file protein_4.tsv (TSV, C-alpha atoms)
chain	number	residue	atom	x	y	z
A	1	MET	CA	7.37	-11.80	-17.78
A	2	THR	CA	8.59	-15.15	-16.55
A	3	GLY	CA	5.96	-17.48	-15.25
A	4	ALA	CA	3.71	-18.40	-18.18
A	5	VAL	CA	0.60	-20.21	-17.05
A	6	GLY	CA	1.35	-23.78	-16.07
A	7	GLY	CA	5.11	-23.39	-16.54
A	8	PRO	CA	7.60	-22.64	-13.73
A	9	ALA	CA	5.20	-23.54	-10.96
A	10	SER	CA	5.48	-27.20	-11.96
A	11	ARG	CA	9.20	-27.06	-11.19
A	12	ILE	CA	8.81	-25.43	-7.75
A	13	SER	CA	9.52	-27.67	-4.81
A	14	SER	CA	6.32	-28.85	-3.15
A	15	GLU	CA	8.16	-28.80	0.18
A	16	ALA	CA	6.27	-25.73	1.40
A	17	ARG	CA	2.87	-26.49	2.89
A	18	GLY	CA	0.16	-24.05	3.93
A	19	THR	CA	-2.84	-24.25	6.22
A	20	TRP	CA	-5.76	-21.91	6.90
A	21	ARG	CA	-6.64	-21.04	10.48
A	22	VAL	CA	-9.47	-19.06	11.99
A	23	LEU	CA	-7.96	-16.04	13.73
A	24	ALA	CA	-9.34	-17.03	17.14
A	25	GLU	CA	-7.52	-20.36	16.87
A	26	TYR	CA	-4.10	-18.76	16.38
A	27	PRO	CA	-3.10	-17.27	19.76
A	28	ASP	CA	0.58	-17.06	18.80
A	29	LEU	CA	0.00	-15.02	15.65
A	30	ALA	CA	1.62	-11.83	17.02
A	31	ASP	CA	4.82	-13.66	18.00
A	32	ASP	CA	5.02	-15.53	14.70
A	33	TRP	CA	4.27	-12.40	12.67
A	34	MET	CA	6.93	-10.27	14.33
A	35	ARG	CA	9.51	-13.06	14.12
A	36	LEU	CA	8.84	-13.49	10.39
A	37	GLN	CA	8.73	-9.72	9.88
A	38	ALA	CA	12.37	-9.53	10.97
A	39	GLN	CA	13.28	-12.11	8.30
A	40	SER	CA	11.32	-10.55	5.42
A	41	ASP	CA	11.58	-7.52	3.19
A	42	GLY	CA	8.02	-6.56	4.08
A	43	THR	CA	6.36	-3.16	3.81
A	44	PRO	CA	4.60	-0.82	6.25
A	45	PHE	CA	1.33	-2.45	5.17
A	46	THR	CA	2.49	-5.92	6.21
A	47	HIS	CA	4.00	-4.57	9.44
A	48	TRP	CA	2.40	-5.96	12.60
A	49	HIS	CA	1.37	-2.45	13.67
A	50	TRP	CA	-0.84	-2.15	10.58
A	51	ILE	CA	-2.08	-5.76	10.65
A	52	SER	CA	-2.88	-5.85	14.37
A	53	THR	CA	-4.64	-2.48	14.28
A	54	TRP	CA	-6.78	-3.64	11.35
A	55	LEU	CA	-7.69	-6.88	13.11
A	56	GLU	CA	-8.60	-5.01	16.31
A	57	GLN	CA	-10.80	-2.48	14.50
A	58	LEU	CA	-12.74	-4.88	12.26
A	59	PRO	CA	-16.42	-5.37	13.15
A	60	ALA	CA	-17.13	-8.55	15.09
A	61	ASP	CA	-19.11	-10.13	12.24
A	62	ILE	CA	-16.03	-10.18	9.98
A	63	VAL	CA	-13.91	-13.24	10.73
A	64	PRO	CA	-10.47	-13.12	9.07
A	65	ARG	CA	-8.50	-16.26	8.36
A	66	VAL	CA	-4.76	-16.65	8.67
A	67	PHE	CA	-2.75	-18.53	6.06
A	68	ARG	CA	0.41	-20.05	7.53
A	69	ILE	CA	3.10	-21.63	5.35
A	70	GLU	CA	5.98	-23.77	6.55
A	71	ASP	CA	8.92	-25.41	4.78
A	72	ALA	CA	11.90	-27.47	5.91
A	73	GLU	CA	13.38	-24.40	7.64
A	74	GLY	CA	10.23	-23.58	9.57
A	75	LEU	CA	7.85	-20.65	9.18
A	76	LEU	CA	7.98	-19.36	5.59
A	77	ALA	CA	5.03	-17.00	5.14
A	78	LEU	CA	1.89	-15.55	6.72
A	79	ALA	CA	-1.15	-13.73	5.37
A	80	VAL	CA	-4.54	-12.58	6.63
A	81	ALA	CA	-7.54	-12.80	4.32
A	82	VAL	CA	-11.28	-12.36	4.53
A	83	ASP	CA	-13.81	-14.70	2.94
A	84	ALA	CA	-16.19	-12.05	1.58
A	85	PRO	CA	-19.67	-12.98	0.27
A	86	GLU	CA	-20.23	-11.92	-3.31
A	87	ARG	CA	-22.80	-9.21	-3.98
A	88	GLY	CA	-24.45	-8.03	-7.16
A	89	LYS	CA	-23.89	-9.85	-10.44
A	90	GLY	CA	-20.69	-11.46	-9.17
A	91	ARG	CA	-22.69	-13.86	-7.00
A	92	PHE	CA	-23.85	-15.73	-10.13
A	93	PHE	CA	-20.26	-16.84	-10.75
A	94	GLY	CA	-19.16	-17.69	-7.22
A	95	ARG	CA	-20.59	-17.56	-3.70
A	96	HIS	CA	-17.66	-15.67	-2.24
A	97	SER	CA	-14.28	-14.12	-2.96
A	98	LEU	CA	-11.13	-14.16	-0.86
A	99	ARG	CA	-9.40	-10.84	-0.25
A	100	LEU	CA	-5.95	-10.33	1.18
A	101	GLN	CA	-6.08	-7.70	3.96
A	102	GLU	CA	-9.42	-6.42	2.70
A	103	THR	CA	-13.09	-7.11	3.41
A	104	GLY	CA	-14.90	-6.27	0.17
A	105	MET	CA	-16.73	-3.45	1.99
A	106	ASP	CA	-15.85	0.04	0.78
A	107	ALA	CA	-16.34	1.69	4.17
A	108	LEU	CA	-13.75	-0.63	5.74
A	109	ASP	CA	-11.34	-0.92	2.81
A	110	GLU	CA	-10.99	2.87	2.53
A	111	ILE	CA	-7.83	2.67	4.63
A	112	SER	CA	-6.24	1.63	1.29
A	113	VAL	CA	-3.69	-1.08	1.81
A	114	GLU	CA	-0.76	-0.90	-0.64
A	115	TYR	CA	2.35	-2.99	-1.21
A	116	SER	CA	0.25	-5.93	-0.04
A	117	GLY	CA	1.07	-9.61	-0.42
A	118	LEU	CA	2.36	-12.46	1.66
A	119	LEU	CA	4.69	-11.65	4.52
A	120	VAL	CA	7.39	-14.06	3.45
A	121	ARG	CA	10.89	-15.01	4.51
A	122	ARG	CA	13.34	-13.32	2.18
A	123	GLY	CA	14.08	-15.48	-0.89
A	124	GLY	CA	11.08	-17.79	-0.44
A	125	GLU	CA	8.49	-15.75	-2.31
A	126	VAL	CA	7.80	-18.11	-5.23
A	127	ALA	CA	7.62	-21.22	-3.04
A	128	ALA	CA	5.24	-19.42	-0.67
A	129	TYR	CA	2.85	-18.31	-3.41
A	130	ALA	CA	2.93	-21.82	-4.89
A	131	ALA	CA	1.86	-23.18	-1.50
A	132	LEU	CA	-0.91	-20.57	-1.32
A	133	PHE	CA	-2.23	-21.60	-4.72
A	134	ARG	CA	-2.16	-25.29	-3.83
A	135	ALA	CA	-4.19	-24.50	-0.72
A	136	LEU	CA	-6.70	-22.47	-2.72
A	137	GLU	CA	-7.18	-25.31	-5.20
A	138	GLY	CA	-7.41	-28.01	-2.54
A	139	HIS	CA	-9.32	-26.50	0.37
A	140	TRP	CA	-11.78	-23.90	-0.89
A	141	GLU	CA	-14.91	-24.40	-2.96
A	142	GLY	CA	-17.16	-22.02	-4.82
A	143	TRP	CA	-14.82	-19.04	-4.68
A	144	ARG	CA	-14.93	-16.53	-7.51
A	145	ARG	CA	-11.54	-14.84	-7.17
A	146	PHE	CA	-8.68	-14.16	-4.81
A	147	ARG	CA	-7.81	-10.45	-4.80
A	148	ILE	CA	-4.34	-9.09	-3.94
A	149	THR	CA	-4.42	-5.30	-3.96
A	150	ALA	CA	-1.63	-2.91	-5.00
A	151	THR	CA	1.14	-5.47	-4.83
A	152	ALA	CA	4.72	-5.49	-6.07
A	153	HIS	CA	4.76	-9.32	-5.99
A	154	GLY	CA	3.48	-9.77	-9.57
A	155	PRO	CA	6.58	-11.61	-10.85
A	156	HIS	CA	6.54	-14.03	-7.88
A	157	ILE	CA	2.82	-14.66	-8.30
A	158	ALA	CA	3.14	-15.35	-12.03
A	159	SER	CA	6.10	-17.66	-11.50
A	160	ALA	CA	4.18	-19.68	-8.90
A	161	LEU	CA	0.93	-19.97	-10.86
A	162	PRO	CA	-0.22	-23.58	-11.41
A	163	ALA	CA	-2.02	-24.87	-14.49
A	164	GLY	CA	-5.37	-24.95	-12.70
A	165	LEU	CA	-5.57	-21.20	-12.07
A	166	HIS	CA	-5.79	-18.04	-14.13
A	167	CYS	CA	-4.22	-14.78	-12.94
A	168	TYR	CA	-5.15	-11.27	-14.13
A	169	CYS	CA	-3.87	-7.77	-13.56
A	170	VAL	CA	-7.09	-5.76	-13.26
A	171	LEU	CA	-5.38	-2.44	-12.51
A	172	SER	CA	-1.85	-1.09	-12.42
A	173	GLN	CA	-0.66	2.25	-11.14
A	174	PRO	CA	2.73	3.95	-10.98
A	175	CYS	CA	4.34	4.34	-7.58
A	176	CYS	CA	6.62	7.37	-7.68
A	177	ARG	CA	9.75	7.51	-5.53
A	178	VAL	CA	12.80	9.57	-4.66
A	179	ASP	CA	15.98	7.53	-4.19
A	180	LEU	CA	17.55	9.56	-1.39
A	181	ASP	CA	20.73	7.47	-1.31
A	182	ARG	CA	21.38	8.17	-4.98
A	183	LEU	CA	20.51	11.83	-4.54
A	184	ARG	CA	22.89	12.06	-1.59
A	185	ASP	CA	25.68	10.53	-3.69
A	186	SER	CA	25.07	13.14	-6.41
A	187	GLY	CA	25.79	15.97	-3.95
A	188	LYS	CA	22.64	17.86	-4.95
A	189	GLY	CA	19.91	19.19	-2.73
A	190	TYR	CA	16.43	17.87	-3.35
A	191	VAL	CA	14.99	20.94	-5.09
A	192	ASP	CA	18.07	21.20	-7.33
A	193	SER	CA	17.42	17.63	-8.54
A	194	LEU	CA	13.96	18.37	-9.97
A	195	LYS	CA	13.15	19.19	-13.57
A	196	ARG	CA	13.84	22.76	-14.57
A	197	ASN	CA	10.33	24.11	-15.19
A	198	PHE	CA	8.86	22.71	-12.01
A	199	ARG	CA	11.95	23.66	-10.02
A	200	HIS	CA	11.42	27.31	-10.99
A	201	HIS	CA	7.77	27.23	-9.91
A	202	LEU	CA	8.60	25.48	-6.65
A	203	ARG	CA	11.28	28.02	-5.75
A	204	GLN	CA	8.79	30.85	-6.23
A	205	SER	CA	6.41	29.12	-3.82
A	206	LEU	CA	9.20	28.45	-1.33
A	207	ARG	CA	10.19	32.11	-1.31
A	208	ALA	CA	6.56	33.16	-0.83
A	209	TYR	CA	6.21	30.94	2.24
A	210	GLU	CA	9.63	31.88	3.60
A	211	ALA	CA	8.48	35.48	3.69
A	212	HIS	CA	6.56	34.37	6.80
A	213	GLY	CA	9.68	32.85	8.35
A	214	PRO	CA	12.11	29.99	7.77
A	215	LEU	CA	10.61	26.67	6.76
A	216	LYS	CA	10.62	24.20	9.62
A	217	VAL	CA	9.96	20.44	9.54
A	218	GLU	CA	8.99	18.72	12.81
A	219	VAL	CA	8.18	15.07	13.44
A	220	ALA	CA	5.87	14.40	16.39
A	221	ASP	CA	7.94	12.93	19.22
A	222	SER	CA	5.14	11.81	21.53
A	223	ILE	CA	1.81	10.06	21.18
A	224	GLY	CA	-0.01	13.09	22.56
A	225	GLN	CA	1.57	15.43	20.05
A	226	ALA	CA	0.97	13.00	17.19
A	227	LEU	CA	-2.73	12.66	18.06
A	228	ALA	CA	-3.10	16.44	18.32
A	229	TRP	CA	-1.48	16.87	14.91
A	230	LEU	CA	-3.67	14.12	13.48
A	231	ASP	CA	-6.73	16.12	14.57
A	232	GLU	CA	-5.32	19.27	12.94
A	233	LEU	CA	-4.49	17.28	9.80
A	234	ARG	CA	-8.06	15.99	9.72
A	235	THR	CA	-9.48	19.51	10.01
A	236	LEU	CA	-7.41	20.80	7.08
A	237	HIS	CA	-8.05	17.64	5.05
A	238	GLU	CA	-11.82	17.86	5.45
A	239	ARG	CA	-11.86	21.61	4.80
A	240	ARG	CA	-10.12	21.07	1.47
A	241	TRP	CA	-12.39	18.24	0.30
A	242	ARG	CA	-15.57	19.97	1.39
A	243	SER	CA	-14.54	23.03	-0.62
A	244	LYS	CA	-14.76	20.68	-3.62
A	245	GLY	CA	-18.19	19.43	-2.58
A	246	LYS	CA	-16.81	16.03	-1.49
A	247	GLU	CA	-16.10	14.13	1.70
A	248	GLY	CA	-12.52	13.41	2.68
A	249	SER	CA	-11.12	10.14	3.98
A	250	PHE	CA	-11.58	11.13	7.62
A	251	SER	CA	-15.35	11.40	7.20
A	252	SER	CA	-15.35	7.60	7.58
A	253	ASP	CA	-15.66	6.58	11.22
A	254	PHE	CA	-13.69	3.39	10.58
A	255	PHE	CA	-10.89	5.29	8.82
A	256	HIS	CA	-10.59	7.78	11.66
A	257	ALA	CA	-10.70	5.16	14.43
A	258	PHE	CA	-8.16	2.98	12.63
A	259	HIS	CA	-5.66	5.80	12.30
A	260	GLN	CA	-6.09	7.06	15.84
A	261	ALA	CA	-5.26	3.54	17.02
A	262	LEU	CA	-2.36	3.20	14.56
A	263	VAL	CA	-0.86	6.52	15.67
A	264	ARG	CA	-1.02	5.42	19.31
A	265	LYS	CA	0.65	2.14	18.45
A	266	GLY	CA	3.28	3.28	15.95
A	267	THR	CA	4.51	6.72	17.02
A	268	GLY	CA	6.89	5.59	19.73
A	269	ASP	CA	9.11	3.44	17.49
A	270	GLY	CA	9.00	5.77	14.47
A	271	TYR	CA	6.72	3.61	12.32
A	272	VAL	CA	4.22	6.50	12.16
A	273	ARG	CA	5.78	9.89	11.39
A	274	LEU	CA	3.24	12.69	11.85
A	275	THR	CA	5.05	15.67	10.35
A	276	ARG	CA	4.28	19.38	10.59
A	277	VAL	CA	5.75	21.84	8.11
A	278	SER	CA	5.58	25.52	8.99
A	279	ALA	CA	6.97	28.85	7.81
A	280	GLY	CA	7.48	30.98	10.88
A	281	ALA	CA	4.12	30.97	12.68
A	282	LEU	CA	2.26	29.88	9.53
A	283	VAL	CA	1.38	26.18	9.30
A	284	VAL	CA	1.91	24.98	5.74
A	285	GLY	CA	0.49	21.52	6.36
A	286	TYR	CA	0.66	18.16	8.11
A	287	LEU	CA	1.91	14.98	6.46
A	288	TYR	CA	0.95	11.51	7.64
A	289	ASN	CA	3.91	9.30	6.76
A	290	LEU	CA	4.80	5.70	7.51
A	291	HIS	CA	8.41	4.61	7.97
A	292	TRP	CA	9.90	1.19	7.30
A	293	ARG	CA	13.60	0.37	7.08
A	294	GLY	CA	14.82	3.71	5.85
A	295	THR	CA	11.96	4.47	3.45
A	296	VAL	CA	9.28	7.04	4.26
A	297	TYR	CA	5.86	6.42	2.66
A	298	PHE	CA	3.56	9.41	2.11
A	299	TYR	CA	0.09	8.22	3.13
A	300	ASN	CA	-2.14	11.26	3.73
A	301	CYS	CA	-2.07	14.98	4.46
A	302	GLY	CA	-3.90	18.07	5.64
A	303	LEU	CA	-2.76	21.22	3.84
A	304	ASN	CA	-3.39	24.89	4.61
A	305	TYR	CA	-4.76	26.09	1.28
A	306	GLY	CA	-5.60	29.78	0.88
A	307	ALA	CA	-2.94	31.12	3.24
A	308	LEU	CA	-1.10	33.02	0.49
A	309	PRO	CA	-2.47	35.40	-2.17
A	310	ARG	CA	0.08	34.10	-4.73
A	311	TYR	CA	2.10	30.89	-5.10
A	312	ASP	CA	-0.30	29.14	-2.74
A	313	SER	CA	1.13	25.61	-3.09
A	314	PRO	CA	1.17	24.10	0.40
A	315	GLY	CA	1.34	20.51	-0.90
A	316	SER	CA	4.43	20.94	-3.04
A	317	VAL	CA	6.15	23.08	-0.41
A	318	ALA	CA	5.36	20.72	2.49
A	319	LEU	CA	6.47	17.65	0.54
A	320	ALA	CA	9.65	19.30	-0.75
A	321	ALA	CA	10.59	20.41	2.76
A	322	CYS	CA	9.82	16.95	4.16
A	323	ILE	CA	11.85	15.15	1.48
A	324	GLN	CA	14.83	17.44	2.08
A	325	HIS	CA	14.49	16.72	5.80
A	326	CYS	CA	14.53	12.97	5.07
A	327	LEU	CA	17.61	13.48	2.89
A	328	ASP	CA	19.36	15.34	5.70
A	329	GLU	CA	18.39	12.58	8.16
A	330	GLY	CA	20.20	9.99	6.05
A	331	LEU	CA	17.09	8.02	5.07
A	332	ALA	CA	17.15	5.83	1.97
A	333	ALA	CA	14.01	6.72	-0.02
A	334	PHE	CA	10.73	8.63	-0.10
A	335	ASP	CA	7.76	6.79	-1.62
A	336	PHE	CA	4.57	8.53	-2.78
A	337	LEU	CA	2.54	5.28	-2.93
A	338	ALA	CA	0.29	4.44	-5.88
A	339	GLY	CA	-1.27	7.09	-8.05
A	340	ALA	CA	-0.68	8.96	-11.29
A	341	GLN	CA	-1.32	12.44	-9.88
A	342	PRO	CA	0.86	15.02	-11.67
A	343	TYR	CA	2.37	16.34	-8.43
A	344	LYS	CA	3.79	12.89	-7.67
A	345	ARG	CA	5.51	12.73	-11.04
A	346	ARG	CA	6.88	16.25	-10.71
A	347	LEU	CA	8.27	15.66	-7.21
A	348	SER	CA	9.85	12.25	-7.91
A	349	HIS	CA	12.75	10.81	-9.88
A	350	GLU	CA	11.55	7.29	-10.70
A	351	ALA	CA	8.56	5.00	-10.54
A	352	ARG	CA	7.74	1.35	-10.05
A	353	THR	CA	4.40	-0.34	-10.72
A	354	LEU	CA	1.88	-1.72	-8.26
A	355	GLU	CA	-0.74	-4.17	-9.53
A	356	TRP	CA	-4.24	-5.19	-8.45
A	357	ILE	CA	-4.27	-8.94	-9.10
A	358	ASP	CA	-7.15	-11.43	-9.33
A	359	VAL	CA	-6.45	-15.15	-9.16
A	360	ARG	CA	-9.31	-17.21	-10.63
A	361	GLN	CA	-10.11	-20.89	-11.04
A	362	ARG	CA	-10.32	-22.48	-14.45
A	363	GLY	CA	-13.72	-23.91	-15.25
A	364	LEU	CA	-17.24	-23.21	-16.42
A	365	ALA	CA	-17.93	-20.34	-13.97
A	366	HIS	CA	-14.74	-18.55	-15.03
A	367	ASP	CA	-15.44	-19.02	-18.74
A	368	SER	CA	-19.05	-17.90	-18.39
A	369	GLU	CA	-18.15	-14.75	-16.47
A	370	ARG	CA	-15.46	-13.87	-18.97
A	371	LEU	CA	-17.89	-14.25	-21.88
A	372	VAL	CA	-20.43	-12.03	-20.11
A	373	ALA	CA	-17.73	-9.42	-19.37
A	374	GLN	CA	-16.64	-9.43	-23.02
A	375	ALA	CA	-20.23	-9.18	-24.27
A	376	LEU	CA	-20.95	-6.23	-21.95
A	377	GLY	CA	-17.58	-4.59	-22.58
A	378	THR	CA	-16.91	-4.24	-18.86
A	379	GLY	CA	-13.26	-5.34	-19.01
A	380	THR	CA	-13.46	-6.66	-15.47
A	381	PHE	CA	-10.97	-9.46	-16.05
A	382	GLY	CA	-7.99	-7.27	-16.91
A	383	ILE	CA	-4.85	-8.58	-18.59
A	384	PRO	CA	-3.45	-12.08	-17.98
A	385	LEU	CA	-0.60	-11.55	-15.56
A	386	ALA	CA	1.85	-13.74	-17.49
A	387	ARG	CA	1.76	-11.17	-20.30
A	388	GLN	CA	2.83	-8.29	-18.08
A	389	ALA	CA	6.34	-6.83	-18.17
A	390	PRO	CA	8.50	-7.47	-15.10
A	391	LEU	CA	8.14	-4.93	-12.33
A	392	THR	CA	11.25	-2.77	-12.23
A	393	SER	CA	12.07	0.76	-11.18
A	394	SER	CA	12.64	3.06	-14.12
A	395	SER	CA	13.49	6.70	-14.62
A	396	GLU	CA	10.70	8.96	-15.75
call {"tool": "encode", "arguments": {"input": "protein_4.tsv", "output": "structure tokens"}}
result
Amino acid sequence: MTGAVGGPASRISSEARGTWRVLAEYPDLADDWMRLQAQSDGTPFTHWHWISTWLEQLPADIVPRVFRIEDAEGLLALAVAVDAPERGKGRFFGRHSLRLQETGMDALDEISVEYSGLLVRRGGEVAAYAALFRALEGHWEGWRRFRITATAHGPHIASALPAGLHCYCVLSQPCCRVDLDRLRDSGKGYVDSLKRNFRHHLRQSLRAYEAHGPLKVEVADSIGQALAWLDELRTLHERRWRSKGKEGSFSSDFFHAFHQALVRKGTGDGYVRLTRVSAGALVVGYLYNLHWRGTVYFYNCGLNYGALPRYDSPGSVALAACIQHCLDEGLAAFDFLAGAQPYKRRLSHEARTLEWIDVRQRGLAHDSERLVAQALGTGTFGIPLARQAPLTSSSE
């Protein structure tokens, strides 16, 4: 990967400057965020719908900070982070950690942000991260690490890294995708494009469901309908997880409240796509998808397991029907988000990598923690980011 420690960052223009602001002292954040959003590549997880809903739902005792970066052209980048007190053994190596779009509390972070990172004007990524790192070095004391979760910005981060900081990839996961534009150009239908063995199994399941009636894909077209389908999704989701002796995502009050609010906010403009797949009168399942600039992101689901005596595969059938529907709509891609689950590999054509990245300060605390981690064999530091391969899409 380009961006060895202490290398390219020294050649980046220092023109970009960043400042931290307490959220309450930034009344124009919504206007600035949406203006910058139109100039950035962005993701559904840096969309103002997601960000504003998160900020509104956070408990009052959590006070996020906004990082604002400007250059000669004006607003370059924005980010929202939480200064989270360290708990457990980590507190011996730093009083607090900074987390981008997270709190450090499992019950609140269960909404699982992905494709995170700075919201940055297109083409200014390296300069923006360099400004972020300068601000971290110059304006914060006693911090243990800065965590960026499930990001595709690894190459930009490594290229911007100054000599005074270390950067580690603590986790990486594949992010499977279907390139609908490429599939459309091939002239194939979605099921025909899948690998032979799985295609045969999927067609058996499709025929079993179609015995109840033609498969139908519907996207909720009103807030009321979307909220009703979210409730039905939750019921099926919890039924499935409880059958395994576990609690599903919607057992969290924060998770449920967040998504009720997000559905209200994002259904009207198509950002949230609550989708129902049925076969005649039989509901196969509900898919909770996010939509951003032609790509549909599969976020969660509630599936009707046990409806068929044989070929009971509501997940594969619902996803296959939804992806074909997206192909017919003329959308560009379908993204399964991070995870190495076999069904994602079987239903996709390619994968990219998302990384969980920790930025750490050089110094005695860093060296001591690393020695302790090595002695205990915990592997908490991960792999230095500069040694990672560039993030690219690749065929499976």
call {"tool": "closest_residue", "arguments": {"input": "protein_4.tsv", "among": "A:Leu98, A:Leu347, A:Leu327, A:Met105", "to": "Arg360 in chain A", "atoms": "only C-alpha atoms"}}
result
A:Leu98
call {"tool": "atom_distance", "arguments": {"input": "protein_4.tsv", "atom1": "CA of Arg134 in chain A", "atom2": "CA of Ala72 in chain A"}}
result
17.2 Å
call {"tool": "residues_around", "arguments": {"input": "protein_4.tsv", "residues": "Asn304 in chain A", "least_positions_apart": "4", "cutoff": "8 Å", "atoms": "all atoms listed in the file", "output": "ChimeraX atom specification"}}
result
/A:236,283-285,314
call {"tool": "residues_around", "arguments": {"input": "protein_4.tsv", "residues": "Ala79 in chain A", "least_positions_apart": "5", "cutoff": "8 Å", "atoms": "all atoms listed in the file", "output": "list in words"}}
result
Val66, Phe67, Arg68, Leu100, Gln101, Gly117, Leu118 and Leu119 of chain A
call {"tool": "closest_residue", "arguments": {"input": "protein_4.tsv", "among": "A:Arg121, A:Arg362, A:His256, A:Arg207", "to": "Glu73 in chain A", "atoms": "only C-alpha atoms"}}
result
A:Arg121
call {"tool": "closest_residue", "arguments": {"input": "protein_4.tsv", "among": "A:Ala320, A:Leu282, A:Leu354, A:Ala24", "to": "Tyr209 in chain A", "atoms": "all atoms listed in the file"}}
result
A:Leu282
call {"tool": "residues_around", "arguments": {"input": "protein_4.tsv", "residues": "Tyr343 in chain A", "least_positions_apart": "3", "cutoff": "10 Å", "atoms": "all atoms listed in the file", "output": "PyMOL selection string"}}
result
chain A and resi 176+198+315-316+319+336+339-340+346-348
call {"tool": "build_atoms", "arguments": {"input": "protein_4.tsv", "residues": "range 315-328 of chain A", "atoms": "N, CA and C atoms", "output": "short mmCIF file (atom, residue, chain, number, x, y, z; two decimals), in the coordinates of the input"}}
result
data_model
loop_
_atom_site.label_atom_id
_atom_site.label_comp_id
_atom_site.auth_asym_id
_atom_site.auth_seq_id
_atom_site.Cartn_x
_atom_site.Cartn_y
_atom_site.Cartn_z
N GLY A 315 0.98 21.92 -0.71
CA GLY A 315 1.34 20.51 -0.90
C GLY A 315 2.76 20.34 -1.40
N SER A 316 3.09 21.04 -2.47
CA SER A 316 4.43 20.94 -3.04
C SER A 316 5.49 21.43 -2.06
N VAL A 317 5.19 22.52 -1.35
CA VAL A 317 6.15 23.08 -0.41
C VAL A 317 6.34 22.14 0.78
N ALA A 318 5.24 21.62 1.34
CA ALA A 318 5.36 20.72 2.49
C ALA A 318 6.10 19.44 2.12
N LEU A 319 5.80 18.89 0.96
CA LEU A 319 6.47 17.65 0.54
C LEU A 319 7.94 17.89 0.24
N ALA A 320 8.25 19.00 -0.44
CA ALA A 320 9.65 19.30 -0.75
C ALA A 320 10.46 19.49 0.53
N ALA A 321 9.88 20.20 1.49
CA ALA A 321 10.59 20.41 2.76
C ALA A 321 10.77 19.09 3.51
N CYS A 322 9.74 18.24 3.48
CA CYS A 322 9.82 16.95 4.16
C CYS A 322 10.86 16.04 3.51
N ILE A 323 10.88 16.01 2.18
CA ILE A 323 11.85 15.15 1.48
C ILE A 323 13.27 15.63 1.75
N GLN A 324 13.50 16.94 1.76
CA GLN A 324 14.83 17.44 2.08
C GLN A 324 15.21 17.07 3.51
N HIS A 325 14.25 17.11 4.41
CA HIS A 325 14.49 16.72 5.80
C HIS A 325 14.87 15.24 5.88
N CYS A 326 14.18 14.40 5.12
CA CYS A 326 14.53 12.97 5.07
C CYS A 326 15.92 12.76 4.49
N LEU A 327 16.27 13.55 3.47
CA LEU A 327 17.61 13.48 2.89
C LEU A 327 18.66 13.84 3.93
N ASP A 328 18.41 14.90 4.67
CA ASP A 328 19.36 15.34 5.70
C ASP A 328 19.47 14.32 6.84
#
